[in-house]
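Read the structure below first, then the notes.
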Amino acid sequence: GAVNPCPNLRRPANRGKRDRIVSPEQATALLAVLPPSDRALWALALHAGLRRGEIMALRWEDVDLAAGVIRVERSWDAQARVVVEPKSRAGRRRVPVAGVLRDILLEHKMAAVGGKLVVGRGADGDRPFNDSTIAERARNAWRRAGLEPITLHEARHTFASLMIAAGVNAKALASYMGHSSVTITYDRYGHLMPGNEDEAAALLDAYLERANSRARRAAGGDD
């Protein structure tokens, strides 16, 4: 049979077009101009990194606002039109709820029709949303406001970039993103991680400053 002349040659990874990610200020602006009923949906992608199918299947019982945690346990299969288990064990996960997301979810819950789904449609709010309708509505709102539109997939990438910028480590981020391996996280987002001495030193300084502030507060409380 034919012999491979380059058995040890590794193909370069297909980098392709980088997905667009937005800054915290842009994320805030994008959410602000959306119809109020659509804000929770986009915030779940921008601030919790949930995939489209995971948002479509998310129930209120999976959201613990008091504990600040979302349990991702299901996904919506758009082709089969059924709820399915996550594709991998890693897909079943707990994602922290940041304050900005909690505020949006609380507001959404108070205005919701009382269905089981966080973002549902229909009179009872229990049918998964139509993603093309949602996307078109968002694009129109953003264009009217002079903002460049973003997709739900890019919103998920933005969540990863914001977590990295905030100093969350790759192992924790892999868990929150539902990646089966930290290698996937590094391959996708390694270029965003602190990579030079200045950034690393700044992270350490910020951490030490927080630790020292806590120690000073604790010492003051003992008086």
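In the structure tokens, each chain is lettered A, B, ... as it comes, each chain's residues begin at 1, and ligands are numbered from 1 in order of appearance.
On the backbone of this structure, DSSP gives strand (DSSP E or B) within range 14-90 of chain A to A:Arg59, A:Val63, A:Asp64, A:Val69, A:Ile70, A:Arg71, A:Val72, A:Ser75, A:Trp76, A:Asp77, A:Val82, A:Val83, A:Val84.
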Could you produce a table of the residues of range 36-113 of chain A lying within 10 Å of range 132-138 of chain A, with the nearest pair of atoms per residue and their separation in Å rounded to one decimal, using only C-alpha atoms, ordered by chain and increasing residue number, as JSON lines?
{"residue": "A:Asp38", "atom": "CA", "partner": "A:Ile134", "partner_atom": "CA", "distance": 7.5}
{"residue": "A:Arg39", "atom": "CA", "partner": "A:Ala138", "partner_atom": "CA", "distance": 9.5}
{"residue": "A:Leu41", "atom": "CA", "partner": "A:Ile134", "partner_atom": "CA", "distance": 9.1}
{"residue": "A:Trp42", "atom": "CA", "partner": "A:Ala138", "partner_atom": "CA", "distance": 9.1}
_Set the distance at 10 Å and use only C-alpha atoms: which residues neighbour range 98-115 of chain A once local chain neighbours fewer than 4 positions away are removed? I'd like the list as a ChimeraX atom specification._
/A:28,31,36-44,46-48,59-60,63-66,68-69,119-127
*Taking the DSSP assignment computed from this structure's backbone, write out as a ChimeraX atom specification all residues of range 38-221 of chain A that belong to alpha helix (DSSP H).*
/A:38-46,52-57,99-111,131-144,152-165,170-177,182-189,197-221
Output C-alpha atoms of each residue in that selection to a file, as an mmCIF file, in the first residue's frame.
data_model
loop_
_atom_site.group_PDB
_atom_site.id
_atom_site.type_symbol
_atom_site.label_atom_id
_atom_site.label_comp_id
_atom_site.auth_asym_id
_atom_site.auth_seq_id
_atom_site.Cartn_x
_atom_site.Cartn_y
_atom_site.Cartn_z
ATOM 1 C CA ASP A 38 -35.916 39.778 24.180
ATOM 2 C CA ARG A 39 -33.287 41.026 26.631
ATOM 3 C CA ALA A 40 -33.144 37.883 28.809
ATOM 4 C CA LEU A 41 -32.532 35.663 25.790
ATOM 5 C CA TRP A 42 -29.517 37.649 24.561
ATOM 6 C CA ALA A 43 -28.218 38.192 28.102
ATOM 7 C CA LEU A 44 -28.159 34.399 28.647
ATOM 8 C CA ALA A 45 -25.755 34.140 25.702
ATOM 9 C CA LEU A 46 -23.721 37.286 26.466
ATOM 10 C CA ARG A 52 -28.971 28.618 21.350
ATOM 11 C CA GLY A 53 -30.533 25.177 21.997
ATOM 12 C CA GLU A 54 -29.755 25.447 25.721
ATOM 13 C CA ILE A 55 -31.542 28.810 25.952
ATOM 14 C CA MET A 56 -34.506 27.379 24.032
ATOM 15 C CA ALA A 57 -34.889 24.521 26.548
ATOM 16 C CA GLY A 99 -25.408 40.556 38.886
ATOM 17 C CA VAL A 100 -26.148 42.142 35.503
ATOM 18 C CA LEU A 101 -27.792 38.906 34.305
ATOM 19 C CA ARG A 102 -29.712 38.404 37.545
ATOM 20 C CA ASP A 103 -31.267 41.874 37.221
ATOM 21 C CA ILE A 104 -32.360 41.172 33.638
ATOM 22 C CA LEU A 105 -33.768 37.728 34.549
ATOM 23 C CA LEU A 106 -35.674 39.129 37.542
ATOM 24 C CA GLU A 107 -37.218 41.839 35.380
ATOM 25 C CA HIS A 108 -38.055 39.230 32.726
ATOM 26 C CA LYS A 109 -39.627 36.887 35.284
ATOM 27 C CA MET A 110 -41.893 39.629 36.621
ATOM 28 C CA ALA A 111 -43.082 40.439 33.083
ATOM 29 C CA ASP A 131 -34.659 31.767 16.464
ATOM 30 C CA SER A 132 -34.930 33.381 13.004
ATOM 31 C CA THR A 133 -37.711 35.715 14.211
ATOM 32 C CA ILE A 134 -35.710 36.608 17.331
ATOM 33 C CA ALA A 135 -32.543 37.258 15.292
ATOM 34 C CA GLU A 136 -34.361 39.468 12.791
ATOM 35 C CA ARG A 137 -36.042 41.477 15.557
ATOM 36 C CA ALA A 138 -32.656 42.042 17.246
ATOM 37 C CA ARG A 139 -30.920 42.991 13.968
ATOM 38 C CA ASN A 140 -33.620 45.587 13.237
ATOM 39 C CA ALA A 141 -33.353 47.089 16.747
ATOM 40 C CA TRP A 142 -29.552 47.293 16.513
ATOM 41 C CA ARG A 143 -29.497 48.786 13.024
ATOM 42 C CA ARG A 144 -32.003 51.445 14.058
ATOM 43 C CA LEU A 152 -26.146 34.271 19.496
ATOM 44 C CA HIS A 153 -23.002 32.255 18.704
ATOM 45 C CA GLU A 154 -20.884 35.422 18.818
ATOM 46 C CA ALA A 155 -22.594 36.421 22.066
ATOM 47 C CA ARG A 156 -21.440 33.082 23.562
ATOM 48 C CA HIS A 157 -17.883 33.828 22.389
ATOM 49 C CA THR A 158 -18.175 37.265 23.979
ATOM 50 C CA PHE A 159 -19.034 35.642 27.333
ATOM 51 C CA ALA A 160 -15.823 33.576 27.100
ATOM 52 C CA SER A 161 -13.753 36.675 26.285
ATOM 53 C CA LEU A 162 -15.276 38.637 29.193
ATOM 54 C CA MET A 163 -14.578 35.782 31.633
ATOM 55 C CA ILE A 164 -10.956 35.653 30.484
ATOM 56 C CA ALA A 165 -10.599 39.437 30.796
ATOM 57 C CA ALA A 170 -9.212 28.219 31.747
ATOM 58 C CA LYS A 171 -10.348 25.156 33.712
ATOM 59 C CA ALA A 172 -13.302 27.012 35.245
ATOM 60 C CA LEU A 173 -14.127 28.604 31.895
ATOM 61 C CA ALA A 174 -14.104 25.176 30.196
ATOM 62 C CA SER A 175 -16.662 24.021 32.765
ATOM 63 C CA TYR A 176 -18.914 27.085 32.298
ATOM 64 C CA MET A 177 -18.758 26.782 28.485
ATOM 65 C CA VAL A 182 -9.742 22.454 28.687
ATOM 66 C CA THR A 183 -7.778 21.970 25.445
ATOM 67 C CA ILE A 184 -10.869 23.031 23.482
ATOM 68 C CA THR A 185 -11.023 26.201 25.563
ATOM 69 C CA TYR A 186 -7.328 26.950 24.971
ATOM 70 C CA ASP A 187 -7.620 26.257 21.237
ATOM 71 C CA ARG A 188 -10.590 28.602 20.867
ATOM 72 C CA TYR A 189 -9.756 31.333 23.319
ATOM 73 C CA GLU A 197 4.464 39.773 31.384
ATOM 74 C CA ASP A 198 2.643 43.096 31.786
ATOM 75 C CA GLU A 199 -0.794 41.459 31.763
ATOM 76 C CA ALA A 200 0.298 38.681 34.119
ATOM 77 C CA ALA A 201 1.862 41.170 36.547
ATOM 78 C CA ALA A 202 -1.269 43.361 36.432
ATOM 79 C CA LEU A 203 -3.468 40.358 37.306
ATOM 80 C CA LEU A 204 -1.215 39.475 40.233
ATOM 81 C CA ASP A 205 -1.190 43.104 41.453
ATOM 82 C CA ALA A 206 -4.990 43.280 41.275
ATOM 83 C CA TYR A 207 -5.322 40.005 43.183
ATOM 84 C CA LEU A 208 -2.893 41.089 45.909
ATOM 85 C CA GLU A 209 -4.616 44.458 46.245
ATOM 86 C CA ARG A 210 -7.988 42.716 46.772
ATOM 87 C CA ALA A 211 -6.427 40.354 49.328
ATOM 88 C CA ASN A 212 -4.794 43.239 51.202
ATOM 89 C CA SER A 213 -8.051 45.211 51.204
ATOM 90 C CA ARG A 214 -9.876 42.223 52.707
ATOM 91 C CA ALA A 215 -7.169 41.814 55.351
ATOM 92 C CA ARG A 216 -7.377 45.532 56.244
ATOM 93 C CA ARG A 217 -11.173 45.349 56.529
ATOM 94 C CA ALA A 218 -10.951 42.228 58.700
ATOM 95 C CA ALA A 219 -8.383 43.873 60.967
ATOM 96 C CA GLY A 220 -10.580 46.969 61.276
ATOM 97 C CA GLY A 221 -13.546 44.818 62.253
#
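Minimum atom-to-atom distances from A:Thr151, A:Ser23, A:Ser180, A:Gln79 to Arg93 in chain A were compared using only C-alpha atoms, and the lowest value belongs to A:Ser180.
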Would you kindly return, as a PDB file with all heavy atoms, in the first residue's frame, each protein, DNA or RNA residue with an atom no farther than 6 Å from any atom of range 70-74 of chain A, considering only C-alpha atoms and excluding same-chain residues fewer than 6 positions away?
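Written out: selection-v1.pdb:
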ATOM      1  N   ALA A  57     -34.356  25.559  25.648  1.00  0.00           N
ATOM      2  CA  ALA A  57     -34.889  24.521  26.548  1.00  0.00           C
ATOM      3  C   ALA A  57     -34.826  24.908  28.028  1.00  0.00           C
ATOM      4  O   ALA A  57     -35.261  24.144  28.880  1.00  0.00           O
ATOM      5  CB  ALA A  57     -34.125  23.212  26.333  1.00  0.00           C
ATOM      6  N   ASP A  62     -34.614  25.577  36.384  1.00  0.00           N
ATOM      7  CA  ASP A  62     -33.159  25.400  36.228  1.00  0.00           C
ATOM      8  C   ASP A  62     -32.385  26.645  36.663  1.00  0.00           C
ATOM      9  O   ASP A  62     -31.159  26.644  36.668  1.00  0.00           O
ATOM     10  CB  ASP A  62     -32.807  25.104  34.759  1.00  0.00           C
ATOM     11  CG  ASP A  62     -33.536  23.894  34.211  1.00  0.00           C
ATOM     12  OD1 ASP A  62     -33.701  22.924  34.967  1.00  0.00           O
ATOM     13  OD2 ASP A  62     -33.942  23.917  33.032  1.00  0.00           O
ATOM     14  N   VAL A  63     -33.108  27.713  36.979  1.00  0.00           N
ATOM     15  CA  VAL A  63     -32.476  28.996  37.310  1.00  0.00           C
ATOM     16  C   VAL A  63     -32.680  29.280  38.795  1.00  0.00           C
ATOM     17  O   VAL A  63     -33.806  29.464  39.248  1.00  0.00           O
ATOM     18  CB  VAL A  63     -33.085  30.140  36.461  1.00  0.00           C
ATOM     19  CG1 VAL A  63     -32.444  31.479  36.825  1.00  0.00           C
ATOM     20  CG2 VAL A  63     -32.918  29.848  34.973  1.00  0.00           C
ATOM     21  N   VAL A  84     -33.543  17.455  24.175  1.00  0.00           N
ATOM     22  CA  VAL A  84     -32.567  16.368  24.259  1.00  0.00           C
ATOM     23  C   VAL A  84     -31.619  16.607  25.428  1.00  0.00           C
ATOM     24  O   VAL A  84     -31.517  17.711  25.956  1.00  0.00           O
ATOM     25  CB  VAL A  84     -31.745  16.240  22.949  1.00  0.00           C
ATOM     26  CG1 VAL A  84     -32.632  15.797  21.798  1.00  0.00           C
ATOM     27  CG2 VAL A  84     -31.042  17.560  22.615  1.00  0.00           C
ATOM     28  N   GLU A  85     -30.928  15.529  25.816  1.00  0.00           N
ATOM     29  CA  GLU A  85     -29.873  15.648  26.835  1.00  0.00           C
ATOM     30  C   GLU A  85     -28.684  16.379  26.203  1.00  0.00           C
ATOM     31  O   GLU A  85     -28.509  16.327  24.986  1.00  0.00           O
ATOM     32  CB  GLU A  85     -29.396  14.242  27.247  1.00  0.00           C
ATOM     33  CG  GLU A  85     -30.455  13.409  27.923  1.00  0.00           C
ATOM     34  CD  GLU A  85     -30.387  13.544  29.431  1.00  0.00           C
ATOM     35  OE1 GLU A  85     -29.291  13.430  30.004  1.00  0.00           O
ATOM     36  OE2 GLU A  85     -31.446  13.789  30.024  1.00  0.00           O
ATOM     37  N   PRO A  86     -27.850  17.031  26.999  1.00  0.00           N
ATOM     38  CA  PRO A  86     -26.634  17.628  26.436  1.00  0.00           C
ATOM     39  C   PRO A  86     -25.799  16.574  25.723  1.00  0.00           C
ATOM     40  O   PRO A  86     -25.840  15.389  26.076  1.00  0.00           O
ATOM     41  CB  PRO A  86     -25.904  18.167  27.673  1.00  0.00           C
ATOM     42  CG  PRO A  86     -26.975  18.392  28.676  1.00  0.00           C
ATOM     43  CD  PRO A  86     -27.983  17.305  28.430  1.00  0.00           C
ATOM     44  N   ARG A  92     -23.784  19.146  30.598  1.00  0.00           N
ATOM     45  CA  ARG A  92     -24.614  19.286  31.804  1.00  0.00           C
ATOM     46  C   ARG A  92     -23.752  20.000  32.839  1.00  0.00           C
ATOM     47  O   ARG A  92     -22.769  19.452  33.316  1.00  0.00           O
ATOM     48  CB  ARG A  92     -25.018  17.896  32.292  1.00  0.00           C
ATOM     49  CG  ARG A  92     -26.033  17.895  33.408  1.00  0.00           C
ATOM     50  CD  ARG A  92     -26.282  16.472  33.844  1.00  0.00           C
ATOM     51  NE  ARG A  92     -27.037  15.731  32.865  1.00  0.00           N
ATOM     52  CZ  ARG A  92     -28.357  15.603  32.856  1.00  0.00           C
ATOM     53  NH1 ARG A  92     -29.068  16.172  33.816  1.00  0.00           N
ATOM     54  NH2 ARG A  92     -28.980  14.917  31.936  1.00  0.00           N
ATOM     55  N   ARG A  93     -24.105  21.220  33.203  1.00  0.00           N
ATOM     56  CA  ARG A  93     -23.172  22.019  34.008  1.00  0.00           C
ATOM     57  C   ARG A  93     -23.912  23.081  34.820  1.00  0.00           C
ATOM     58  O   ARG A  93     -25.111  23.290  34.648  1.00  0.00           O
ATOM     59  CB  ARG A  93     -22.153  22.696  33.077  1.00  0.00           C
ATOM     60  CG  ARG A  93     -22.770  23.689  32.094  1.00  0.00           C
ATOM     61  CD  ARG A  93     -21.809  23.999  30.959  1.00  0.00           C
ATOM     62  NE  ARG A  93     -22.282  25.087  30.097  1.00  0.00           N
ATOM     63  CZ  ARG A  93     -23.136  24.933  29.098  1.00  0.00           C
ATOM     64  NH1 ARG A  93     -23.658  23.742  28.849  1.00  0.00           N
ATOM     65  NH2 ARG A  93     -23.511  25.963  28.351  1.00  0.00           N
ATOM     66  N   ARG A  94     -23.160  23.742  35.684  1.00  0.00           N
ATOM     67  CA  ARG A  94     -23.667  24.867  36.466  1.00  0.00           C
ATOM     68  C   ARG A  94     -22.904  26.111  36.026  1.00  0.00           C
ATOM     69  O   ARG A  94     -21.678  26.091  35.949  1.00  0.00           O
ATOM     70  CB  ARG A  94     -23.448  24.614  37.957  1.00  0.00           C
ATOM     71  CG  ARG A  94     -24.327  23.505  38.518  1.00  0.00           C
ATOM     72  CD  ARG A  94     -23.770  22.945  39.818  1.00  0.00           C
ATOM     73  NE  ARG A  94     -23.687  23.942  40.872  1.00  0.00           N
ATOM     74  CZ  ARG A  94     -24.676  24.230  41.721  1.00  0.00           C
ATOM     75  NH1 ARG A  94     -25.810  23.586  41.640  1.00  0.00           N
ATOM     76  NH2 ARG A  94     -24.525  25.131  42.656  1.00  0.00           N
ATOM     77  N   VAL A  95     -23.640  27.168  35.747  1.00  0.00           N
ATOM     78  CA  VAL A  95     -23.031  28.417  35.269  1.00  0.00           C
ATOM     79  C   VAL A  95     -23.374  29.527  36.266  1.00  0.00           C
ATOM     80  O   VAL A  95     -24.530  29.659  36.684  1.00  0.00           O
ATOM     81  CB  VAL A  95     -23.578  28.797  33.868  1.00  0.00           C
ATOM     82  CG1 VAL A  95     -22.916  30.066  33.359  1.00  0.00           C
ATOM     83  CG2 VAL A  95     -23.350  27.652  32.880  1.00  0.00           C
TER      84      VAL A  95
END
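Counting only C-alpha atoms, the residue from A:Gly91, A:Gly49, A:Pro24, A:Pro128 that sits nearest to His179 in chain A is A:Gly91.
Across the structure, CA of Glu25 in chain A and CA of Pro194 in chain A are spaced 20.3 Å apart.
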